[in-house]
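Source file: coords02.txt. Holds: compact mmCIF, C-alpha atoms and all ligand atoms.
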```
# COMPACT_ATOMS: atom_id res chain seq x y z
CA MET A 17 -2.03 22.87 23.33
CA GLN A 18 -3.72 21.15 20.41
CA LYS A 19 -2.95 17.47 19.92
CA ILE A 20 -3.11 16.11 16.39
CA PRO A 21 -2.35 12.40 16.09
CA TYR A 22 -0.74 11.02 12.95
CA PHE A 23 -3.83 8.89 12.46
CA SER A 24 -7.28 8.60 14.00
CA PHE A 25 -10.08 6.13 13.34
CA LYS A 26 -12.58 8.16 15.34
CA HIS A 27 -14.40 9.87 12.49
CA GLN A 28 -14.63 6.79 10.25
CA ASN A 29 -15.63 4.58 13.16
CA ASN A 30 -18.42 6.93 14.25
CA GLN A 31 -19.80 6.88 10.72
CA ILE A 32 -19.97 3.08 10.53
CA LYS A 33 -20.41 1.98 14.14
CA ASP A 34 -23.98 0.61 13.95
CA LYS A 35 -23.32 -1.18 10.69
CA VAL A 36 -20.13 -2.80 12.01
CA VAL A 37 -21.91 -4.04 15.13
CA GLN A 38 -24.61 -5.57 12.92
CA ALA A 39 -22.01 -7.12 10.62
CA ILE A 40 -20.25 -8.77 13.55
CA LEU A 41 -23.58 -10.08 14.86
CA ASP A 42 -24.34 -11.50 11.42
CA VAL A 43 -21.09 -13.48 11.51
CA PHE A 44 -21.79 -14.57 15.07
CA ASP A 45 -25.23 -15.85 14.10
CA ALA A 46 -24.08 -17.55 10.90
CA GLU A 47 -21.93 -19.96 12.92
CA TRP A 48 -19.52 -20.23 9.96
CA TYR A 49 -16.22 -18.47 10.60
CA ILE A 50 -13.75 -19.42 7.86
CA LEU A 51 -14.31 -19.05 4.10
CA GLY A 52 -18.03 -18.54 4.30
CA GLN A 53 -20.57 -16.18 2.80
CA GLN A 54 -18.95 -12.95 4.04
CA VAL A 55 -15.62 -13.66 2.35
CA ALA A 56 -17.37 -14.83 -0.84
CA GLU A 57 -19.51 -11.67 -0.97
CA PHE A 58 -16.60 -9.37 -0.15
CA GLU A 59 -14.53 -10.97 -2.89
CA LYS A 60 -17.30 -10.23 -5.39
CA GLU A 61 -17.78 -6.68 -4.15
CA TYR A 62 -14.08 -5.85 -4.08
CA ALA A 63 -13.58 -7.40 -7.54
CA ALA A 64 -16.35 -5.13 -8.86
CA PHE A 65 -14.87 -2.09 -7.10
CA ASN A 66 -11.41 -2.89 -8.42
CA GLN A 67 -12.65 -3.65 -11.95
CA VAL A 68 -11.28 -7.20 -12.06
CA LYS A 69 -12.90 -10.58 -12.62
CA TYR A 70 -11.48 -12.31 -9.55
CA CYS A 71 -10.60 -11.33 -6.01
CA LEU A 72 -9.34 -13.79 -3.39
CA GLY A 73 -9.18 -12.80 0.25
CA VAL A 74 -6.00 -13.71 2.12
CA ALA A 75 -4.64 -13.15 5.61
CA ASN A 76 -2.53 -10.03 4.95
CA GLY A 77 -0.69 -8.03 2.32
CA LEU A 78 2.64 -9.82 2.69
CA ASP A 79 0.95 -13.17 2.02
CA ALA A 80 -0.90 -11.61 -0.92
CA LEU A 81 2.46 -10.71 -2.50
CA PHE A 82 4.03 -14.07 -1.63
CA ILE A 83 1.12 -16.10 -3.02
CA SER A 84 1.08 -13.96 -6.17
CA LEU A 85 4.73 -14.81 -6.79
CA LYS A 86 4.20 -18.50 -6.00
CA VAL A 87 1.30 -18.98 -8.43
CA LEU A 88 3.49 -17.45 -11.14
CA ASP A 89 6.07 -20.14 -10.32
CA ILE A 90 8.68 -17.61 -9.25
CA GLY A 91 11.49 -19.00 -7.15
CA PRO A 92 15.22 -19.72 -7.05
CA GLY A 93 17.00 -18.67 -10.25
CA ASP A 94 14.51 -15.91 -11.03
CA ASP A 95 15.09 -12.15 -10.71
CA VAL A 96 12.32 -9.88 -9.46
CA LEU A 97 12.47 -6.09 -9.81
CA VAL A 98 11.33 -4.19 -6.71
CA PRO A 99 11.59 -0.53 -5.70
CA THR A 100 14.37 0.58 -3.35
CA ASN A 101 11.83 2.81 -1.62
CA THR A 102 8.98 0.72 -0.29
CA PHE A 103 7.63 -0.92 2.82
CA ILE A 104 9.79 -3.95 3.63
CA ALA A 105 6.99 -6.44 2.82
CA THR A 106 7.56 -6.00 -0.93
CA TRP A 107 11.10 -7.30 -0.46
CA LEU A 108 10.20 -9.97 2.10
CA ALA A 109 7.73 -11.63 -0.27
CA VAL A 110 10.42 -12.06 -2.92
CA SER A 111 12.89 -13.41 -0.34
CA GLN A 112 10.35 -15.96 0.84
CA THR A 113 10.19 -17.48 -2.66
CA GLY A 114 13.99 -17.79 -2.97
CA ALA A 115 14.06 -15.49 -6.01
CA LYS A 116 16.66 -12.74 -6.30
CA ILE A 117 15.74 -9.15 -5.48
CA ILE A 118 16.83 -6.58 -8.07
CA PRO A 119 16.33 -3.16 -6.44
CA VAL A 120 15.31 -0.29 -8.71
CA GLU A 121 15.51 3.39 -7.74
CA PRO A 122 12.33 5.49 -7.85
CA ASN A 123 11.93 9.00 -9.20
CA LEU A 124 13.13 11.47 -6.56
CA LEU A 125 10.14 13.79 -6.98
CA THR A 126 7.26 11.34 -7.35
CA TYR A 127 8.85 8.69 -5.07
CA ILE A 128 7.59 5.88 -7.36
CA LEU A 129 9.11 3.64 -10.05
CA GLU A 130 9.34 5.03 -13.55
CA PRO A 131 9.32 2.77 -16.64
CA GLU A 132 12.75 4.11 -17.78
CA ASN A 133 14.52 2.92 -14.63
CA LEU A 134 12.81 -0.45 -14.87
CA VAL A 135 13.93 -1.02 -18.45
CA LYS A 136 17.54 -0.40 -17.46
CA ALA A 137 17.34 -2.93 -14.62
CA ILE A 138 15.90 -5.84 -16.60
CA THR A 139 18.19 -8.89 -16.84
CA PRO A 140 17.75 -12.09 -18.86
CA LYS A 141 16.59 -13.73 -15.63
CA THR A 142 13.97 -11.11 -14.81
CA LYS A 143 10.68 -12.94 -14.34
CA ALA A 144 8.56 -10.31 -12.58
CA ILE A 145 8.27 -6.66 -11.66
CA ILE A 146 6.52 -5.46 -8.52
CA PRO A 147 5.58 -1.80 -8.97
CA VAL A 148 4.38 -0.27 -5.70
CA HIS A 149 1.77 2.48 -5.87
CA LEU A 150 3.57 4.08 -2.97
CA TYR A 151 1.85 6.57 -0.67
CA GLY A 152 -1.24 6.18 -2.87
CA GLN A 153 0.18 7.38 -6.17
CA ALA A 154 -0.43 5.22 -9.23
CA CYS A 155 2.71 4.17 -11.09
CA ASN A 156 2.55 4.48 -14.86
CA ILE A 157 1.28 0.95 -14.94
CA PRO A 158 0.02 0.84 -18.55
CA GLU A 159 3.53 1.58 -19.76
CA ILE A 160 5.08 -0.86 -17.29
CA ILE A 161 2.69 -3.58 -18.50
CA ASN A 162 3.69 -2.80 -22.10
CA LEU A 163 7.38 -3.12 -21.49
CA ALA A 164 6.83 -6.28 -19.41
CA ASN A 165 4.61 -7.95 -22.01
CA GLN A 166 7.19 -7.32 -24.74
CA ARG A 167 9.69 -9.31 -22.67
CA ASN A 168 7.42 -12.01 -21.20
CA ILE A 169 7.80 -10.60 -17.71
CA PHE A 170 4.99 -10.77 -15.15
CA VAL A 171 3.73 -7.66 -13.34
CA ILE A 172 2.45 -7.86 -9.78
CA GLU A 173 1.04 -4.56 -8.57
CA ASP A 174 1.57 -3.88 -4.88
CA ASN A 175 -1.64 -1.96 -4.31
CA ALA A 176 -1.51 -1.94 -0.50
CA GLN A 177 -1.42 1.85 -0.31
CA ALA A 178 -3.59 2.78 -3.27
CA HIS A 179 -7.12 1.33 -3.01
CA GLY A 180 -9.25 3.26 -5.47
CA ALA A 181 -6.45 5.04 -7.34
CA THR A 182 -6.83 5.13 -11.11
CA ILE A 183 -4.61 5.57 -14.13
CA ALA A 184 -5.77 5.83 -17.72
CA GLY A 185 -9.30 5.58 -16.32
CA LYS A 186 -8.73 2.18 -14.72
CA LYS A 187 -8.14 1.19 -11.11
CA THR A 188 -4.70 0.27 -9.85
CA GLY A 189 -4.68 -3.41 -8.98
CA SER A 190 -6.48 -4.25 -12.23
CA PHE A 191 -3.52 -4.13 -14.64
CA GLY A 192 -0.99 -6.69 -13.44
CA HIS A 193 -1.14 -10.43 -14.07
CA VAL A 194 -1.86 -10.78 -10.36
CA ASN A 195 -2.09 -7.94 -7.87
CA ALA A 196 -1.69 -7.85 -4.14
CA THR A 197 -3.25 -5.59 -1.57
CA SER A 198 -3.47 -5.23 2.19
CA PHE A 199 -6.33 -4.29 4.49
CA TYR A 200 -4.06 -3.54 7.46
CA PRO A 201 -6.15 -1.19 9.64
CA VAL A 202 -4.57 2.14 8.58
CA LYS A 203 -4.58 1.43 4.85
CA ASN A 204 -7.12 3.44 2.87
CA LEU A 205 -9.48 0.47 3.16
CA GLY A 206 -8.65 -1.17 6.46
CA ALA A 207 -9.99 -4.11 8.46
CA PHE A 208 -10.09 -4.27 12.25
CA GLY A 209 -7.18 -6.65 12.19
CA ASP A 210 -5.08 -8.22 9.45
CA GLY A 211 -6.43 -8.84 5.98
CA GLY A 212 -5.39 -8.83 2.35
CA ALA A 213 -6.49 -9.75 -1.14
CA ILE A 214 -5.22 -10.77 -4.54
CA THR A 215 -6.92 -9.51 -7.69
CA THR A 216 -6.58 -10.90 -11.21
CA ASN A 217 -8.42 -11.33 -14.49
CA ASP A 218 -6.88 -14.74 -15.10
CA GLU A 219 -9.20 -17.62 -14.22
CA ILE A 220 -6.46 -20.24 -13.97
CA LEU A 221 -4.36 -18.08 -11.68
CA ALA A 222 -7.44 -17.33 -9.57
CA GLN A 223 -8.01 -21.06 -9.09
CA LYS A 224 -4.36 -21.56 -8.12
CA ILE A 225 -4.56 -18.73 -5.59
CA LYS A 226 -7.76 -20.14 -4.14
CA ALA A 227 -6.07 -23.48 -3.54
CA PHE A 228 -2.70 -22.09 -2.41
CA ARG A 229 -4.20 -19.93 0.36
CA ASN A 230 -6.04 -23.00 1.68
CA TYR A 231 -3.25 -25.60 2.16
CA GLY A 232 -3.03 -26.12 -1.59
CA SER A 233 -6.37 -27.85 -1.49
CA THR A 234 -9.43 -27.52 -3.71
CA ILE A 235 -11.35 -30.46 -2.32
CA LYS A 236 -11.11 -30.80 1.44
CA TYR A 237 -8.41 -33.28 2.52
CA TYR A 238 -7.05 -33.59 -1.04
CA ASN A 239 -3.89 -31.51 -1.60
CA ASP A 240 -2.54 -30.68 -5.05
CA VAL A 241 0.32 -28.33 -4.14
CA ILE A 242 2.22 -27.42 -0.97
CA GLY A 243 0.15 -24.40 -0.02
CA ILE A 244 -0.18 -22.29 3.10
CA ASN A 245 -2.97 -21.24 5.44
CA SER A 246 -3.64 -17.61 4.55
CA ARG A 247 -7.32 -16.76 4.56
CA LEU A 248 -9.25 -13.57 5.11
CA ASP A 249 -11.58 -14.40 7.98
CA GLU A 250 -15.34 -13.95 8.00
CA MET A 251 -15.32 -11.22 10.66
CA GLN A 252 -12.82 -9.07 8.77
CA ALA A 253 -14.64 -9.66 5.49
CA ALA A 254 -17.93 -8.55 7.08
CA ILE A 255 -16.28 -5.39 8.41
CA LEU A 256 -14.63 -4.66 5.07
CA ARG A 257 -18.01 -5.03 3.37
CA THR A 258 -19.46 -2.31 5.60
CA LYS A 259 -16.52 0.00 4.87
CA LEU A 260 -16.15 -0.48 1.11
CA PRO A 261 -19.21 1.65 0.18
CA TYR A 262 -17.61 4.61 2.01
CA LEU A 263 -14.22 4.33 0.35
CA ASP A 264 -14.82 6.74 -2.55
CA GLN A 265 -16.06 9.42 -0.18
CA TRP A 266 -13.14 8.84 2.20
CA THR A 267 -10.69 9.01 -0.71
CA ALA A 268 -12.18 12.31 -1.89
CA GLU A 269 -11.65 13.69 1.63
CA ARG A 270 -8.01 12.56 1.61
CA ILE A 271 -7.46 14.28 -1.73
CA LYS A 272 -8.99 17.47 -0.36
CA ILE A 273 -6.71 17.37 2.69
CA ALA A 274 -3.68 16.96 0.40
CA SER A 275 -4.75 19.86 -1.78
CA THR A 276 -5.17 22.07 1.29
CA TYR A 277 -1.64 21.16 2.43
CA HIS A 278 -0.43 21.94 -1.07
CA GLN A 279 -2.01 25.39 -1.09
CA LEU A 280 -0.69 26.27 2.35
CA LEU A 281 2.82 24.85 1.92
CA LYS A 282 3.79 25.83 -1.60
CA ASN A 283 6.74 28.13 -2.23
CA ILE A 284 8.51 27.60 1.06
CA ASP A 285 12.30 27.55 0.72
CA GLY A 286 13.79 24.24 1.75
CA LEU A 287 10.50 22.37 1.56
CA ILE A 288 9.78 19.85 -1.18
CA LEU A 289 6.16 18.84 -1.70
CA PRO A 290 5.04 15.54 -3.21
CA VAL A 291 4.74 15.63 -7.00
CA THR A 292 2.04 13.74 -8.85
CA SER A 293 3.23 12.69 -12.28
CA PRO A 294 0.91 13.89 -15.08
CA GLU A 295 -0.16 10.33 -15.98
CA SER A 296 -1.07 9.41 -12.43
CA THR A 297 -3.69 9.93 -9.78
CA HIS A 298 -3.07 9.93 -6.08
CA VAL A 299 -5.26 8.73 -3.20
CA TYR A 300 -2.89 10.07 -0.53
CA HIS A 301 -2.36 7.11 1.71
CA GLY A 302 0.44 9.42 2.78
CA TYR A 303 1.22 13.11 2.23
CA VAL A 304 5.00 12.95 2.21
CA ILE A 305 7.06 16.16 2.30
CA ARG A 306 10.85 16.46 2.25
CA THR A 307 13.33 18.77 3.92
CA ASN A 308 17.01 18.59 4.89
CA LYS A 309 15.96 19.64 8.39
CA ARG A 310 13.58 16.70 8.71
CA ASP A 311 14.56 15.50 12.18
CA GLU A 312 14.48 19.02 13.65
CA LEU A 313 11.14 19.72 11.96
CA GLN A 314 9.63 16.50 13.28
CA LYS A 315 10.76 17.38 16.81
CA TYR A 316 9.46 20.94 16.48
CA LEU A 317 6.04 19.70 15.32
CA PHE A 318 5.95 17.11 18.09
CA ASN A 319 6.48 19.86 20.64
CA LYS A 320 3.52 21.67 19.09
CA GLY A 321 1.36 18.59 19.59
CA ILE A 322 1.59 17.39 15.98
CA GLU A 323 2.49 13.78 15.38
CA THR A 324 4.25 12.84 12.12
CA VAL A 325 5.81 9.60 10.88
CA ILE A 326 8.81 8.70 8.70
CA HIS A 327 7.99 6.34 5.81
CA TYR A 328 10.58 4.82 5.92
CA PRO A 329 13.59 5.56 8.11
CA VAL A 330 15.80 2.74 6.74
CA PRO A 331 15.55 1.55 3.11
CA PRO A 332 15.34 -2.25 2.74
CA HIS A 333 18.87 -2.59 1.28
CA LEU A 334 20.35 -1.15 4.49
CA GLN A 335 18.24 -3.25 6.87
CA LYS A 336 20.05 -5.79 9.02
CA ALA A 337 17.77 -8.48 7.56
CA TYR A 338 19.35 -7.84 4.15
CA SER A 339 22.98 -7.47 5.25
CA HIS A 340 23.77 -10.77 3.47
CA LEU A 341 23.10 -9.06 0.13
CA GLY A 342 26.19 -6.94 0.77
CA TYR A 343 24.72 -3.54 -0.03
CA LYS A 344 26.25 -0.48 1.61
CA LYS A 345 25.39 3.15 2.05
CA GLY A 346 25.64 4.95 -1.28
CA ASP A 347 24.43 2.03 -3.39
CA PHE A 348 20.91 3.45 -3.81
CA PRO A 349 21.24 7.19 -3.22
CA VAL A 350 17.65 8.11 -4.11
CA ALA A 351 16.13 5.74 -1.55
CA GLU A 352 18.72 6.83 1.00
CA LEU A 353 18.00 10.52 0.44
CA LEU A 354 14.26 9.86 0.76
CA ALA A 355 14.86 8.00 4.02
CA GLU A 356 16.86 10.93 5.38
CA THR A 357 14.53 13.71 4.32
CA CYS A 358 10.94 12.45 4.11
CA LEU A 359 8.18 13.19 6.59
CA SER A 360 4.56 12.03 6.42
CA LEU A 361 1.97 14.53 7.62
CA PRO A 362 -1.36 13.47 9.15
CA VAL A 363 -3.99 12.48 6.56
CA TRP A 364 -7.16 10.98 7.97
CA ASN A 365 -10.89 11.34 7.59
CA GLY A 366 -12.13 14.01 9.95
CA LEU A 367 -8.89 16.02 10.03
CA SER A 368 -10.30 19.54 10.08
CA GLU A 369 -9.26 22.52 8.00
CA ALA A 370 -8.27 24.32 11.21
CA GLU A 371 -6.01 21.41 12.12
CA ILE A 372 -4.42 21.39 8.67
CA LYS A 373 -3.82 25.14 8.99
CA TYR A 374 -2.25 24.63 12.41
CA ILE A 375 0.09 21.95 11.00
CA ALA A 376 1.01 23.98 7.91
CA GLY A 377 1.45 27.15 9.98
CA ASN A 378 3.91 25.43 12.26
CA ILE A 379 5.88 23.96 9.36
CA LYS A 380 6.11 27.45 7.89
CA ASN A 381 7.14 28.98 11.22
CA PHE A 382 9.93 26.46 11.59
CA LEU A 383 11.28 26.64 8.04
CA VAL A 384 10.81 30.37 7.41
CA SER A 385 11.58 31.95 10.75
CA GLY A 386 13.31 29.04 12.43
CA CYS A 387 11.05 29.12 15.46
C1 LIG A 401 1.18 -2.54 4.24
C2 LIG A 401 1.97 -2.91 3.05
C3 LIG A 401 2.25 -4.23 2.72
C4 LIG A 401 1.97 -5.40 3.63
O1 LIG A 401 0.71 -5.51 4.12
P1 LIG A 401 0.42 -6.30 5.48
O2 LIG A 401 -1.04 -6.53 5.43
O3 LIG A 401 0.84 -5.39 6.59
O4 LIG A 401 1.22 -7.56 5.45
C5 LIG A 401 2.88 -4.50 1.53
N1 LIG A 401 3.28 -3.50 0.72
C6 LIG A 401 3.07 -2.21 1.02
C7 LIG A 401 3.51 -1.17 0.07
C8 LIG A 401 2.42 -1.87 2.20
O5 LIG A 401 2.23 -0.58 2.49
```
Could I get this file's structure written as structure tokens?
Amino acid sequence: MQKIPYFSFKHQNNQIKDKVVQAILDVFDAEWYILGQQVAEFEKEYAAFNQVKYCLGVANGLDALFISLKVLDIGPGDDVLVPTNTFIATWLAVSQTGAKIIPVEPNLLTYILEPENLVKAITPKTKAIIPVHLYGQACNIPEIINLANQRNIFVIEDNAQAHGATIAGKKTGSFGHVNATSFYPVKNLGAFGDGGAITTNDEILAQKIKAFRNYGSTIKYYNDVIGINSRLDEMQAAILRTKLPYLDQWTAERIKIASTYHQLLKNIDGLILPVTSPESTHVYHGYVIRTNKRDELQKYLFNKGIETVIHYPVPPHLQKAYSHLGYKKGDFPVAELLAETCLSLPVWNGLSEAEIKYIAGNIKNFLVSGC
């Protein structure tokens, strides 16, 4: 039987192996392991890639979101709008600041936040919106920025799943006042460990971020604010530098995989395919389908050697960690329906057309003939 994992690094790793080994040796030889030349160069290169003036490397995506909120002075008494359907980190970052989470339902077909829902959720206390370019699809960020600017609200893009996506000809992660991203290994641009970054065009915010990630210090042993230790390390920066030049090619391959799934899976009763809104582009961090028979389908595929994943099985408002907020089942029906029906299919560089056909064929067999 064929075995198709949900994710594999094999193909990418083979492509970059020699360069990664050299990059690690370079760090070894430099004898400078924290905030050195590799991080500085990566920050420049990623800023150029992401079409922003400033990029600051941090330890991970959750810290990137948290620091973004902190440098905007968001804390107790402030409301922050977040999607009901997202990875938990988006919520955790807001909780860490002491601000109040205002959950907003996404569009059921595109799975992402729409400006109309955001407008309805804004309160007099709303200080920031965190749109998440979930599964790799760009939110209509120009419109979100417009509505936020009219009301003096900050926008922090959560770009963890959408490196390289564009909207209105510009990269996601270049619109918000500050933007957070993650280089967790399986993200579209991934390190070989934890990593993250914050991007912005605002020089003052960039300086604040630079200090905040480093104990709140600009000059060693002199501390201006109560910061944290959250730095991208030299080794990860060196590895990210070797991977970044491949990202556009890897993204194009992901888009091709998604379009092959689309061709093979369209017009199947009971199967809902991901919709890309006309304003948006998609870099397919995930190819997320929906069906009422999700659990049975996942089991069926597993028995055929195909591994799939649920993103995400429990929406944040129903997590034990958030029980104190008092939400119950039925409060956010769109997120709950997504959690009950969504299934992410394998999308990784090197996934062959034959493998995609095998996956799609089995989905069809299960949903059309029930076997
Ligand atoms: C991965 C992810 C994060 C958090 O990134 P880490 O580096 O794992 O902390 C935040 N938001 C979204 C949408 C993510 O997918």
Item to check | Env. residues ligand LIG 401 (chain A) / 6 Å / all atoms listed in the file / as a PyMOL selection string | outcome: chain A and resi 76-78+102-103+105-106+148+174+176-177+198-200+210-212
Could you give me, as a PDB file with C-alpha atoms, in the frame of the given file, the residues within 9 Å of segment 35-45 of chain A, counting all atoms listed in the file and dropping anything in the same chain fewer than 5 positions from it?
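Once everything was written out, this is result11.pdb:
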```
ATOM      1  CA  ASN A  29     -15.630   4.580  13.160  1.00  0.00           C
ATOM      2  CA  GLN A  54     -18.950 -12.950   4.040  1.00  0.00           C
ATOM      3  CA  GLU A 250     -15.340 -13.950   8.000  1.00  0.00           C
ATOM      4  CA  MET A 251     -15.320 -11.220  10.660  1.00  0.00           C
ATOM      5  CA  GLN A 252     -12.820  -9.070   8.770  1.00  0.00           C
ATOM      6  CA  ALA A 254     -17.930  -8.550   7.080  1.00  0.00           C
ATOM      7  CA  ILE A 255     -16.280  -5.390   8.410  1.00  0.00           C
ATOM      8  CA  ARG A 257     -18.010  -5.030   3.370  1.00  0.00           C
ATOM      9  CA  THR A 258     -19.460  -2.310   5.600  1.00  0.00           C
ATOM     10  CA  LYS A 259     -16.520   0.000   4.870  1.00  0.00           C
TER      11      LYS A 259
END
```
Next on the checklist: Give me, as number ranges by chain, all polymer residues having an atom no more than 9 Å from segment 122-129 of chain A, counting all atoms listed in the file and skipping those fewer than 2 positions away in the same chain.
Outcome noted: A: 98-102, 120, 131-134, 147-151, 153-156, 288-293, 350-351, 353-354
Could you please take those selected residues and save C-alpha atoms as a CSV table (one decimal), keeping the file's coordinate frame?
```
chain,number,residue,atom,x,y,z
A,98,VAL,CA,11.3,-4.2,-6.7
A,99,PRO,CA,11.6,-0.5,-5.7
A,100,THR,CA,14.4,0.6,-3.4
A,101,ASN,CA,11.8,2.8,-1.6
A,102,THR,CA,9.0,0.7,-0.3
A,120,VAL,CA,15.3,-0.3,-8.7
A,131,PRO,CA,9.3,2.8,-16.6
A,132,GLU,CA,12.8,4.1,-17.8
A,133,ASN,CA,14.5,2.9,-14.6
A,134,LEU,CA,12.8,-0.4,-14.9
A,147,PRO,CA,5.6,-1.8,-9.0
A,148,VAL,CA,4.4,-0.3,-5.7
A,149,HIS,CA,1.8,2.5,-5.9
A,150,LEU,CA,3.6,4.1,-3.0
A,151,TYR,CA,1.8,6.6,-0.7
A,153,GLN,CA,0.2,7.4,-6.2
A,154,ALA,CA,-0.4,5.2,-9.2
A,155,CYS,CA,2.7,4.2,-11.1
A,156,ASN,CA,2.6,4.5,-14.9
A,288,ILE,CA,9.8,19.8,-1.2
A,289,LEU,CA,6.2,18.8,-1.7
A,290,PRO,CA,5.0,15.5,-3.2
A,291,VAL,CA,4.7,15.6,-7.0
A,292,THR,CA,2.0,13.7,-8.8
A,293,SER,CA,3.2,12.7,-12.3
A,350,VAL,CA,17.6,8.1,-4.1
A,351,ALA,CA,16.1,5.7,-1.6
A,353,LEU,CA,18.0,10.5,0.4
A,354,LEU,CA,14.3,9.9,0.8
```
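Of the listed residues A:Leu256, A:Lys309, A:Thr276, A:Gln67, the one whose atoms come nearest to Gly189 of chain A is A:Gln67, with distances taken using all atoms listed in the file.
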Item to check | Spatial neighbours of Gly114 of chain A, max dist 9 Å, all atoms listed in the file, sep filter under 5 positions, as number ranges by chain | outcome: A: 90-94
Each side padded by 6 Å, which centre and which edge lengths in Å (one decimal) define the axis-aligned box around the listed atoms of segment 338-348 of chain A? Give them as lines of an AutoDock Vina configuration file.
```
center_x = 22.8
center_y = -2.9
center_z = 0.7
size_x = 18.9
size_y = 27.7
size_z = 21.1
```
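When atom CA of Glu61 of chain A is paired with atom CA of Ala75 of chain A, their separation reads 17.6 Å.
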Next on the checklist: Give me, as an MDAnalysis selection string, all polymer residues having an atom no more than 9 Å from Ile225 of chain A, counting only C-alpha atoms and skipping those fewer than 2 positions away in the same chain.
Outcome noted: chainID A and resid 72 83:84 86:87 214 220:223 227:230 232
